[in-house]
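What follows is one structure encoded as structure tokens, with my remarks underneath.
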Amino acid sequence: MKLSRLLAISLSVVLSAACVPSKPAAPVAEKKPHELEAHGDVRIDDYYWLRERDNPQVISYLDAENAYTDAMMAGTQALQEELFEELKNRIQPDESTVPALFHGYYYYKRYEEGQEYPIYCRKESSLDAPEEVILDVNRIAEGHDFCSVAGDGGAVSPDSQLLAWAVDTVGRRKYTIHVTDLETGEELTDVIPEVTGNLVWANDNRTLFYSKQDPDTLRWYQVYRHELGTDPTTDVLVYEEPDPTFEVYVWKTRSERFIMVDSEQTLASEYRVLEADDPAGELTLVAPRERGVEYSVAHVGDRFIIRTNLDAENFRLMEAPVASPDREHWRELIPGREDVFLEGVEVFKTFMVVTDRRDGLRHLRIVPWDGGEEYQIKFDEPAYATWVDDNPEFDTGFLRYGYSSLNTPETIYDLDLETHERTLMKREQVRGDFDPADYEVERLWAPARDGTRVPISLVFPKGLERDGSNPLLLYGYGSYGASMETWFRSDVVSLLDRGFVYAIAHVRGGQELGRRWYEDGKLLNKKNTFTDFIDCGRFLVDEGYTAPDRMFAMGASAGGLLMGAVANMAPGLFRGIIADVPWVDVVTTMLDDTIPLTTGEFDEWGDPKQREYYDYMLSYSPYDNVTAQDYPAMLVVTAFQDSQVQYWEPAKWVAKLRAAKTDSNPLLFKCEMASAGHGGVSGRFNRYHETALEYAFILEVLNGAL
């Protein structure tokens, strides 16, 4: 179908929403198909031209796809509104965070009823003191379709007088730094555009360190120093990362003694430190980068505390003198263990908190520096999430931590480290008739085809019959070593209350079961991620939780890659698939080092310039493996301004699916054309419009109405 015909269809949709148009055919380029060459092979890409962001035909095509989706979903408008109101009304309209003490002020953020964005506030010395608003994001967002303030409100200077904050009003992760005088409320003349939003104060209260990205690839590669009152164009380049596979970050230790410049790559780390009292000083290298050696650095007293995988696949904990932090002086504090993944460490003046992961679940362990008895926080549910929460003070006798599960809303506790007594500080309020006791949480282990046991976390209405009659939504990710935590999601309640089971497949590629779990789901083992997910789905069917005609799958970003691979490999297993901002054109993207993220990810996916990786990636790339077969119902969602997965990947994928698939199941594509980023639109409630669309799609497909 020519574009003119497609546009005519979209116009008819606008004029008569009641008349559902014929499904759009794949767009035909008015130019020769693009030839992609590698290793002597030539691949023909008929839809390569859709990457021409400024081409009016591309915009028209995306608009036509949006119009088609709107028309196909027109009959669900009442349902979408019902779902949106449910989702929105579960959220406390005037919610606020637990105040955290820092330099004599209690900091918190709160929301006001009817507003989309947070208001950052503080009170001096006491919670009974008058409130001081330090940043109202609602005001900043006025006149913008999108608004993101980096760093959860910015950074307050050590003397508590200035706030440095960075804002992105497009969604492409390009921020502008501003500085506000908290005594007067006035903004200073210091405005620094085109930066990452990663910033930190030196201890002199007038020097800012910040990182910049490459303007094309958006790789974070430079750290600059800015003195208040000076022209930002004269800012001093402190460090530039020359290796295109590394990114660089700047941050400050909790002790506030050091500014850290951290270069990170998938398989290596390198830290440099600077005394925060001497912002014009020289950076000191901790340990030189070495391929295969990762490490991170924290500070206490005269020591650096170092987490590393050096000679320890699941990581171990070391210490080194501040005066001589090179690897020769590293001394072991906690050895590596085969059955425990040392996931992280938080360092305080008198203790540290070690986050271990065992059997897929996090455990928090408090270790005093004085040699006193260790203390582990106990949790009882079969599947849960826990984390060290906001603890800005270095010298403290309390630990603030969070807890949640699939049926337990986010809960914040303060733990007295002397008495081990915990105080409930806040539990997320879920409005309406929600009761955690109405839902049951389980942890299952599904056998994968190679004999590996894969954990699945589930929540469902209590009293569920395992007779195969239940609708089920299975979520997955499985990349970058990112473990899928079993957080409470209030939006999922809308599915549970309609009889759904919600399940998370903790497939290989994450780190739920340690570093080996990650290694077994990357590079030349990547297909394990996809087959694990398929095997989890089949296991849930075999165990009676659902049936293929009642099971749906969902994933986002690299989880969208998972959805694309599953759609090709096991299309009959799912009734429907939702792919959010899916990365699906693997080989073409990884051959193009001008695209954001590409150069830093060769050690995650492989470098297709090497034949072995090229062939393997080509064997699973969703776009390259679309074939003439029946596919499940599919909804694909993306954003035109997304800088992490470019809009053209899902656009091309949908076009190719339209041309190839042999079924009559709905294939809908929604591209947010206004400002939105990789996480979708901004705003506390706005994002639920997309969730309502996705849930309405699932329910209509389930009921046979689409």
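Ligands are numbered from 1 in the order shown, residues from 1 within each chain, and chains are lettered A, B, ... in the order they appear in the structure tokens.
Every protein or nucleic acid residue with an atom no more than 7 Å from range 272-274 of chain A, counting only C-alpha atoms and leaving out same-chain residues fewer than 6 positions away, appears here: Phe258, Ile259, Met260, Val261, Asp262, Gly281, Glu282, Leu283, Thr284, Leu285 and Val286 of chain A.
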Find the residues around range 570-583 of chain A up to 8 Å (only C-alpha atoms counted), leave out those fewer than 6 positions away in its own chain, and share them as a PDB file with N, CA and C atoms, in the first residue's frame.
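Output file result-v5.pdb is given in full below:
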ATOM      1  N   ILE A 534       9.941 -18.585  27.529  1.00  0.00           N
ATOM      2  CA  ILE A 534       8.996 -19.512  26.911  1.00  0.00           C
ATOM      3  C   ILE A 534       8.732 -20.694  27.833  1.00  0.00           C
ATOM      4  N   GLY A 537       6.469 -19.761  30.640  1.00  0.00           N
ATOM      5  CA  GLY A 537       5.082 -19.708  30.194  1.00  0.00           C
ATOM      6  C   GLY A 537       4.463 -21.091  30.086  1.00  0.00           C
ATOM      7  N   ARG A 538       5.210 -22.019  29.519  1.00  0.00           N
ATOM      8  CA  ARG A 538       4.684 -23.385  29.380  1.00  0.00           C
ATOM      9  C   ARG A 538       4.494 -24.045  30.743  1.00  0.00           C
ATOM     10  N   PRO A 548      -2.787 -21.095  27.009  1.00  0.00           N
ATOM     11  CA  PRO A 548      -2.242 -20.219  25.961  1.00  0.00           C
ATOM     12  C   PRO A 548      -3.232 -19.191  25.426  1.00  0.00           C
ATOM     13  N   ASP A 549      -4.520 -19.540  25.379  1.00  0.00           N
ATOM     14  CA  ASP A 549      -5.486 -18.567  24.860  1.00  0.00           C
ATOM     15  C   ASP A 549      -5.903 -17.540  25.906  1.00  0.00           C
ATOM     16  N   ARG A 550      -5.254 -17.588  27.091  1.00  0.00           N
ATOM     17  CA  ARG A 550      -5.573 -16.625  28.146  1.00  0.00           C
ATOM     18  C   ARG A 550      -4.299 -15.999  28.736  1.00  0.00           C
ATOM     19  N   MET A 551      -3.168 -16.228  28.107  1.00  0.00           N
ATOM     20  CA  MET A 551      -1.901 -15.732  28.637  1.00  0.00           C
ATOM     21  C   MET A 551      -1.348 -14.622  27.749  1.00  0.00           C
ATOM     22  N   PHE A 552      -0.861 -13.562  28.421  1.00  0.00           N
ATOM     23  CA  PHE A 552      -0.285 -12.405  27.740  1.00  0.00           C
ATOM     24  C   PHE A 552       1.147 -12.209  28.231  1.00  0.00           C
ATOM     25  N   ALA A 553       1.974 -11.616  27.383  1.00  0.00           N
ATOM     26  CA  ALA A 553       3.369 -11.341  27.723  1.00  0.00           C
ATOM     27  C   ALA A 553       3.641  -9.857  27.571  1.00  0.00           C
ATOM     28  N   MET A 554       4.549  -9.348  28.409  1.00  0.00           N
ATOM     29  CA  MET A 554       4.889  -7.919  28.366  1.00  0.00           C
ATOM     30  C   MET A 554       6.363  -7.740  28.687  1.00  0.00           C
ATOM     31  N   GLY A 555       6.992  -6.794  27.979  1.00  0.00           N
ATOM     32  CA  GLY A 555       8.374  -6.424  28.259  1.00  0.00           C
ATOM     33  C   GLY A 555       8.668  -5.075  27.637  1.00  0.00           C
ATOM     34  N   ALA A 556       9.688  -4.394  28.166  1.00  0.00           N
ATOM     35  CA  ALA A 556      10.025  -3.053  27.701  1.00  0.00           C
ATOM     36  C   ALA A 556      11.515  -2.942  27.435  1.00  0.00           C
ATOM     37  N   SER A 557      11.875  -2.160  26.423  1.00  0.00           N
ATOM     38  CA  SER A 557      13.263  -1.888  26.070  1.00  0.00           C
ATOM     39  C   SER A 557      13.965  -3.189  25.703  1.00  0.00           C
ATOM     40  N   ALA A 558      15.008  -3.602  26.447  1.00  0.00           N
ATOM     41  CA  ALA A 558      15.594  -4.911  26.180  1.00  0.00           C
ATOM     42  C   ALA A 558      14.589  -6.021  26.469  1.00  0.00           C
ATOM     43  N   GLY A 559      13.607  -5.744  27.338  1.00  0.00           N
ATOM     44  CA  GLY A 559      12.499  -6.672  27.512  1.00  0.00           C
ATOM     45  C   GLY A 559      11.606  -6.705  26.283  1.00  0.00           C
ATOM     46  N   GLY A 560      11.628  -5.627  25.489  1.00  0.00           N
ATOM     47  CA  GLY A 560      10.935  -5.623  24.207  1.00  0.00           C
ATOM     48  C   GLY A 560      11.638  -6.515  23.196  1.00  0.00           C
ATOM     49  N   LEU A 561      12.970  -6.566  23.286  1.00  0.00           N
ATOM     50  CA  LEU A 561      13.713  -7.555  22.501  1.00  0.00           C
ATOM     51  C   LEU A 561      13.235  -8.956  22.846  1.00  0.00           C
ATOM     52  N   MET A 563      10.313  -9.776  23.967  1.00  0.00           N
ATOM     53  CA  MET A 563       8.987  -9.964  23.393  1.00  0.00           C
ATOM     54  C   MET A 563       9.073 -10.281  21.900  1.00  0.00           C
ATOM     55  N   GLY A 564       9.951  -9.578  21.185  1.00  0.00           N
ATOM     56  CA  GLY A 564      10.083  -9.821  19.757  1.00  0.00           C
ATOM     57  C   GLY A 564      10.602 -11.205  19.458  1.00  0.00           C
ATOM     58  N   ASP A 630       1.492 -17.173  11.771  1.00  0.00           N
ATOM     59  CA  ASP A 630       0.513 -16.510  12.630  1.00  0.00           C
ATOM     60  C   ASP A 630       1.229 -15.941  13.852  1.00  0.00           C
ATOM     61  N   TYR A 631       0.901 -14.711  14.201  1.00  0.00           N
ATOM     62  CA  TYR A 631       1.433 -14.060  15.396  1.00  0.00           C
ATOM     63  C   TYR A 631       0.281 -13.769  16.351  1.00  0.00           C
ATOM     64  N   PRO A 632       0.575 -13.661  17.640  1.00  0.00           N
ATOM     65  CA  PRO A 632      -0.483 -13.261  18.584  1.00  0.00           C
ATOM     66  C   PRO A 632      -0.880 -11.805  18.371  1.00  0.00           C
ATOM     67  N   ALA A 633      -1.961 -11.385  18.998  1.00  0.00           N
ATOM     68  CA  ALA A 633      -2.314  -9.968  19.012  1.00  0.00           C
ATOM     69  C   ALA A 633      -1.171  -9.185  19.639  1.00  0.00           C
ATOM     70  N   MET A 634      -0.842  -8.023  19.076  1.00  0.00           N
ATOM     71  CA  MET A 634       0.319  -7.280  19.546  1.00  0.00           C
ATOM     72  C   MET A 634       0.021  -5.785  19.614  1.00  0.00           C
ATOM     73  N   LEU A 635       0.501  -5.181  20.691  1.00  0.00           N
ATOM     74  CA  LEU A 635       0.488  -3.728  20.847  1.00  0.00           C
ATOM     75  C   LEU A 635       1.920  -3.283  21.072  1.00  0.00           C
ATOM     76  N   VAL A 636       2.403  -2.374  20.221  1.00  0.00           N
ATOM     77  CA  VAL A 636       3.777  -1.889  20.277  1.00  0.00           C
ATOM     78  C   VAL A 636       3.735  -0.391  20.562  1.00  0.00           C
ATOM     79  N   VAL A 637       4.474   0.039  21.589  1.00  0.00           N
ATOM     80  CA  VAL A 637       4.440   1.428  22.039  1.00  0.00           C
ATOM     81  C   VAL A 637       5.845   2.002  22.020  1.00  0.00           C
ATOM     82  N   THR A 638       5.985   3.238  21.519  1.00  0.00           N
ATOM     83  CA  THR A 638       7.299   3.886  21.498  1.00  0.00           C
ATOM     84  C   THR A 638       7.111   5.400  21.610  1.00  0.00           C
ATOM     85  N   ALA A 639       8.228   6.129  21.550  1.00  0.00           N
ATOM     86  CA  ALA A 639       8.205   7.599  21.621  1.00  0.00           C
ATOM     87  C   ALA A 639       9.155   8.154  20.575  1.00  0.00           C
ATOM     88  N   VAL A 645      16.120   3.745  22.701  1.00  0.00           N
ATOM     89  CA  VAL A 645      15.721   2.895  21.579  1.00  0.00           C
ATOM     90  C   VAL A 645      15.038   3.818  20.577  1.00  0.00           C
ATOM     91  N   TYR A 647      12.896   5.453  17.710  1.00  0.00           N
ATOM     92  CA  TYR A 647      11.524   5.146  17.307  1.00  0.00           C
ATOM     93  C   TYR A 647      11.456   4.244  16.078  1.00  0.00           C
ATOM     94  N   GLU A 649      13.078   1.679  15.190  1.00  0.00           N
ATOM     95  CA  GLU A 649      13.174   0.228  15.363  1.00  0.00           C
ATOM     96  C   GLU A 649      11.791  -0.412  15.473  1.00  0.00           C
ATOM     97  N   PRO A 650      10.951  -0.010  16.437  1.00  0.00           N
ATOM     98  CA  PRO A 650       9.604  -0.599  16.462  1.00  0.00           C
ATOM     99  C   PRO A 650       8.785  -0.250  15.228  1.00  0.00           C
ATOM    100  N   HIS A 678      12.315   7.605  27.013  1.00  0.00           N
ATOM    101  CA  HIS A 678      12.350   6.146  27.008  1.00  0.00           C
ATOM    102  C   HIS A 678      11.342   5.573  28.004  1.00  0.00           C
ATOM    103  N   GLU A 694      -2.918  -0.078  27.424  1.00  0.00           N
ATOM    104  CA  GLU A 694      -2.379  -1.438  27.371  1.00  0.00           C
ATOM    105  C   GLU A 694      -3.322  -2.439  28.035  1.00  0.00           C
ATOM    106  N   ILE A 698      -5.408  -5.633  26.387  1.00  0.00           N
ATOM    107  CA  ILE A 698      -5.401  -7.002  26.911  1.00  0.00           C
ATOM    108  C   ILE A 698      -6.827  -7.499  27.131  1.00  0.00           C
ATOM    109  N   VAL A 701      -8.754  -8.044  23.796  1.00  0.00           N
ATOM    110  CA  VAL A 701      -8.281  -9.241  23.100  1.00  0.00           C
ATOM    111  C   VAL A 701      -8.777 -10.489  23.819  1.00  0.00           C
ATOM    112  N   LEU A 702      -8.696 -10.488  25.141  1.00  0.00           N
ATOM    113  CA  LEU A 702      -9.151 -11.629  25.930  1.00  0.00           C
ATOM    114  C   LEU A 702     -10.628 -11.918  25.680  1.00  0.00           C
TER     115      LEU A 702
END
query: With distances taken over only C-alpha atoms, which of A:Arg337, A:Arg422, A:Leu228, A:Asn138 is nearest to Ala164 in chain A?
result: A:Leu228
Show me, as a Markdown table, the residues of range 146-226 of chain A having an atom within 12 Å of range 107-131 of chain A, each with the closest atom pair and its distance in Å, using only C-alpha atoms.
| residue | atom | partner | partner_atom | distance |
| --- | --- | --- | --- | --- |
| A:Phe146 | CA | A:Tyr117 | CA | 10.6 |
| A:Cys147 | CA | A:Tyr117 | CA | 8.6 |
| A:Ser148 | CA | A:Tyr117 | CA | 9.1 |
| A:Val149 | CA | A:Tyr117 | CA | 9.8 |
| A:Gly151 | CA | A:Tyr120 | CA | 11.9 |
| A:Asp152 | CA | A:Tyr120 | CA | 8.8 |
| A:Gly153 | CA | A:Tyr120 | CA | 6.6 |
| A:Gly154 | CA | A:Tyr120 | CA | 9.6 |
| A:Ala155 | CA | A:Tyr120 | CA | 11.4 |
| A:Val156 | CA | A:Tyr107 | CA | 10.3 |
| A:Ser160 | CA | A:Glu124 | CA | 10.2 |
| A:Leu163 | CA | A:Tyr120 | CA | 10.9 |
| A:Trp165 | CA | A:Tyr120 | CA | 11.4 |
| A:Leu182 | CA | A:Arg122 | CA | 10.7 |
- request: Pick out the residues sitting within 8 Å of Glu240 in chain A, and hand them over as an MDAnalysis selection string; count only C-alpha atoms, and ignore anything fewer than 5 positions along from it in its own chain.
  value: chainID A and resid 221:223
Counting only C-alpha atoms, which residues of range 473-582 of chain A fall within 12 Å of range 267-270 of chain A, and what is the closest atom pair for each with its distance in Å at one decimal, ordered by chain and rising number, as a Markdown table?
| residue | atom | partner | partner_atom | distance |
| --- | --- | --- | --- | --- |
| A:Tyr480 | CA | A:Leu267 | CA | 11.1 |
| A:Gly481 | CA | A:Leu267 | CA | 11.7 |
| A:Glu519 | CA | A:Leu267 | CA | 11.2 |
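Near Arg206 in chain A, within a cut-off of 12 Å and counting only C-alpha atoms, sit the residues Val156, Ser157, Pro158, Asp159, Ser160, Gln161, Leu162, Leu163, Ala164, Val179, Asp181, Leu188, Asp190, Val200, Trp201, Arg225, His226, Glu227, Leu228, Gly229, Thr230, Ala276, Asp277, Asp278, Pro279 and Ala280 of chain A, with same-chain residues fewer than 5 positions away left out.
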Which residues are near Val300 in chain A? Cut-off 9 Å, only C-alpha atoms, ignore same chain within fewer than 6 positions. Put them as a PDB file with N, CA and C atoms, in the first residue's frame.
ATOM      1  N   ARG A 254      29.505   9.581  50.586  1.00  0.00           N
ATOM      2  CA  ARG A 254      28.626   9.955  51.689  1.00  0.00           C
ATOM      3  C   ARG A 254      29.403  10.683  52.788  1.00  0.00           C
ATOM      4  N   SER A 255      30.679  10.366  52.924  1.00  0.00           N
ATOM      5  CA  SER A 255      31.524  11.046  53.920  1.00  0.00           C
ATOM      6  C   SER A 255      31.781  12.499  53.556  1.00  0.00           C
ATOM      7  N   VAL A 347      28.185   2.521  52.895  1.00  0.00           N
ATOM      8  CA  VAL A 347      29.167   2.756  53.952  1.00  0.00           C
ATOM      9  C   VAL A 347      28.785   3.980  54.775  1.00  0.00           C
ATOM     10  N   PHE A 348      28.807   3.811  56.106  1.00  0.00           N
ATOM     11  CA  PHE A 348      28.541   4.886  57.057  1.00  0.00           C
ATOM     12  C   PHE A 348      29.734   4.989  58.012  1.00  0.00           C
ATOM     13  N   LYS A 349      29.691   5.958  58.901  1.00  0.00           N
ATOM     14  CA  LYS A 349      30.834   6.211  59.778  1.00  0.00           C
ATOM     15  C   LYS A 349      31.108   5.052  60.723  1.00  0.00           C
ATOM     16  N   THR A 350      30.054   4.444  61.274  1.00  0.00           N
ATOM     17  CA  THR A 350      30.256   3.395  62.282  1.00  0.00           C
ATOM     18  C   THR A 350      29.841   2.004  61.820  1.00  0.00           C
TER      19      THR A 350
END
task: Please provide as a VMD selection string all residues within 12 Å of Ala448 in chain A, with the sequence filter that same-chain residues fewer than 6 positions apart are discarded (counting only C-alpha atoms).
output: chain A and resid 454 to 456 505 to 508 528 to 539
Can those selected residues be exported to a file as a PDB file, in the first residue's frame so that it contains C-alpha atoms?
ATOM      1  CA  VAL A 454      14.099 -20.510  36.690  1.00  0.00           C
ATOM      2  CA  PRO A 455      12.305 -18.579  39.460  1.00  0.00           C
ATOM      3  CA  ILE A 456       8.858 -17.106  38.859  1.00  0.00           C
ATOM      4  CA  ALA A 505       9.814 -14.605  34.996  1.00  0.00           C
ATOM      5  CA  HIS A 506      13.292 -14.055  36.461  1.00  0.00           C
ATOM      6  CA  VAL A 507      15.041 -15.275  33.333  1.00  0.00           C
ATOM      7  CA  ARG A 508      18.762 -15.521  32.732  1.00  0.00           C
ATOM      8  CA  ASN A 528      18.714 -18.609  27.118  1.00  0.00           C
ATOM      9  CA  THR A 529      16.805 -15.435  28.026  1.00  0.00           C
ATOM     10  CA  PHE A 530      14.191 -16.168  25.379  1.00  0.00           C
ATOM     11  CA  THR A 531      13.868 -19.901  25.947  1.00  0.00           C
ATOM     12  CA  ASP A 532      13.671 -19.378  29.732  1.00  0.00           C
ATOM     13  CA  PHE A 533      10.708 -17.058  29.243  1.00  0.00           C
ATOM     14  CA  ILE A 534       8.996 -19.512  26.911  1.00  0.00           C
ATOM     15  CA  ASP A 535       9.627 -22.390  29.317  1.00  0.00           C
ATOM     16  CA  CYS A 536       8.237 -20.333  32.209  1.00  0.00           C
ATOM     17  CA  GLY A 537       5.082 -19.708  30.194  1.00  0.00           C
ATOM     18  CA  ARG A 538       4.684 -23.385  29.380  1.00  0.00           C
ATOM     19  CA  PHE A 539       5.269 -24.315  33.011  1.00  0.00           C
TER      20      PHE A 539
END
Distance query range 461-471 of chain A at most 12 Å, only C-alpha atoms, self and fewer than 2 positions along chain excluded, as JSON, numbers by chain: {"A": [406, 407, 434, 435, 436, 437, 438, 439, 440, 441, 442, 458, 459, 473, 474, 492, 493, 494, 495, 496, 497, 498, 499, 500, 501, 502, 503, 538, 539, 540, 541, 542, 543, 544, 545, 546, 547, 548, 549, 550, 551, 552, 553, 574, 575, 576, 698, 699, 701, 702, 703]}
Residue subset to file, keeping C-alpha atoms, as a CSV table (one decimal), in the first residue's frame:
chain,number,residue,atom,x,y,z
A,406,LEU,CA,3.7,-8.1,45.1
A,407,ASN,CA,0.9,-7.5,47.6
A,434,PHE,CA,-7.5,-2.6,48.5
A,435,ASP,CA,-6.5,-5.2,51.1
A,436,PRO,CA,-3.2,-7.1,50.9
A,437,ALA,CA,-4.9,-10.1,52.5
A,438,ASP,CA,-7.1,-10.5,49.4
A,439,TYR,CA,-4.1,-11.6,47.3
A,440,GLU,CA,-1.6,-14.4,47.5
A,441,VAL,CA,2.1,-14.3,46.6
A,442,GLU,CA,4.0,-17.4,45.5
A,458,LEU,CA,3.4,-14.5,41.2
A,459,VAL,CA,0.5,-12.7,42.8
A,473,LEU,CA,0.2,-11.5,32.4
A,474,LEU,CA,3.8,-12.7,32.3
A,492,VAL,CA,-1.5,-4.3,38.6
A,493,VAL,CA,-4.4,-4.4,41.1
A,494,SER,CA,-6.7,-3.5,38.2
A,495,LEU,CA,-5.8,-6.8,36.5
A,496,LEU,CA,-5.9,-8.8,39.7
A,497,ASP,CA,-9.4,-7.6,40.5
A,498,ARG,CA,-10.5,-8.8,37.1
A,499,GLY,CA,-9.3,-12.3,37.9
A,500,PHE,CA,-5.7,-12.1,36.5
A,501,VAL,CA,-2.6,-13.7,37.7
A,502,TYR,CA,0.5,-11.4,37.4
A,503,ALA,CA,3.8,-13.2,37.1
A,538,ARG,CA,4.7,-23.4,29.4
A,539,PHE,CA,5.3,-24.3,33.0
A,540,LEU,CA,2.5,-22.0,34.1
A,541,VAL,CA,0.2,-23.6,31.6
A,542,ASP,CA,1.2,-27.1,32.8
A,543,GLU,CA,0.6,-26.2,36.4
A,544,GLY,CA,-2.9,-24.9,35.6
A,545,TYR,CA,-2.4,-21.2,36.3
A,546,THR,CA,-3.5,-20.3,32.8
A,547,ALA,CA,-3.8,-21.5,29.2
A,548,PRO,CA,-2.2,-20.2,26.0
A,549,ASP,CA,-5.5,-18.6,24.9
A,550,ARG,CA,-5.6,-16.6,28.1
A,551,MET,CA,-1.9,-15.7,28.6
A,552,PHE,CA,-0.3,-12.4,27.7
A,553,ALA,CA,3.4,-11.3,27.7
A,574,PHE,CA,0.5,-16.3,24.1
A,575,ARG,CA,-2.9,-14.7,23.3
A,576,GLY,CA,-1.3,-11.3,23.1
A,698,ILE,CA,-5.4,-7.0,26.9
A,699,LEU,CA,-9.0,-7.1,28.1
A,701,VAL,CA,-8.3,-9.2,23.1
A,702,LEU,CA,-9.2,-11.6,25.9
A,703,ASN,CA,-12.9,-11.0,25.4
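Take CA of Pro232 in chain A and CA of Lys212 in chain A: the distance between them is 12.4 Å.
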field: From A:Tyr68, A:Phe351, A:Phe640, A:Arg431, residue lying nearest Pro666 in chain A [only C-alpha atoms]
entry: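 The shortest atom-to-atom distance to Pro666 in chain A comes from A:Tyr68.
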- prompt: What is the CA of Met73 in chain A to CA of Val654 in chain A distance in Å?
  reply: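 These two atoms are separated by 17.2 Å.
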- request: Could you give me the residues within range 395-447 of chain A that DSSP places in strand (DSSP E or B), as a PyMOL selection string?
  value: chain A and resi 398-405+408-416+422-427+430+439-447
Selection to disk with C-alpha atoms, as an mmCIF file, in the first residue's frame:
data_model
loop_
_atom_site.group_PDB
_atom_site.id
_atom_site.type_symbol
_atom_site.label_atom_id
_atom_site.label_comp_id
_atom_site.auth_asym_id
_atom_site.auth_seq_id
_atom_site.Cartn_x
_atom_site.Cartn_y
_atom_site.Cartn_z
ATOM 1 C CA PHE A 398 19.786 4.568 62.336
ATOM 2 C CA LEU A 399 19.297 2.840 59.018
ATOM 3 C CA ARG A 400 16.361 3.712 56.825
ATOM 4 C CA TYR A 401 15.336 0.853 54.554
ATOM 5 C CA GLY A 402 12.395 -0.064 52.378
ATOM 6 C CA TYR A 403 10.322 -3.200 51.903
ATOM 7 C CA SER A 404 7.703 -4.250 49.387
ATOM 8 C CA SER A 405 6.206 -7.345 47.823
ATOM 9 C CA THR A 408 2.604 -5.251 50.086
ATOM 10 C CA PRO A 409 2.803 -1.543 49.227
ATOM 11 C CA GLU A 410 6.119 0.229 49.676
ATOM 12 C CA THR A 411 6.948 0.433 53.373
ATOM 13 C CA ILE A 412 9.721 2.536 54.934
ATOM 14 C CA TYR A 413 11.332 1.659 58.277
ATOM 15 C CA ASP A 414 13.944 3.260 60.520
ATOM 16 C CA LEU A 415 16.082 0.673 62.280
ATOM 17 C CA ASP A 416 17.792 1.583 65.568
ATOM 18 C CA ARG A 422 12.388 -0.787 63.876
ATOM 19 C CA THR A 423 9.942 2.078 63.522
ATOM 20 C CA LEU A 424 7.388 2.202 60.744
ATOM 21 C CA MET A 425 7.878 5.597 59.079
ATOM 22 C CA LYS A 426 5.459 5.231 56.190
ATOM 23 C CA ARG A 427 3.434 2.726 54.216
ATOM 24 C CA VAL A 430 -3.525 2.604 48.292
ATOM 25 C CA TYR A 439 -4.105 -11.558 47.299
ATOM 26 C CA GLU A 440 -1.618 -14.401 47.532
ATOM 27 C CA VAL A 441 2.083 -14.329 46.616
ATOM 28 C CA GLU A 442 4.009 -17.390 45.464
ATOM 29 C CA ARG A 443 7.524 -18.215 44.288
ATOM 30 C CA LEU A 444 7.774 -21.090 41.798
ATOM 31 C CA TRP A 445 10.703 -22.709 40.009
ATOM 32 C CA ALA A 446 10.177 -23.614 36.366
ATOM 33 C CA PRO A 447 12.378 -26.224 34.680
#
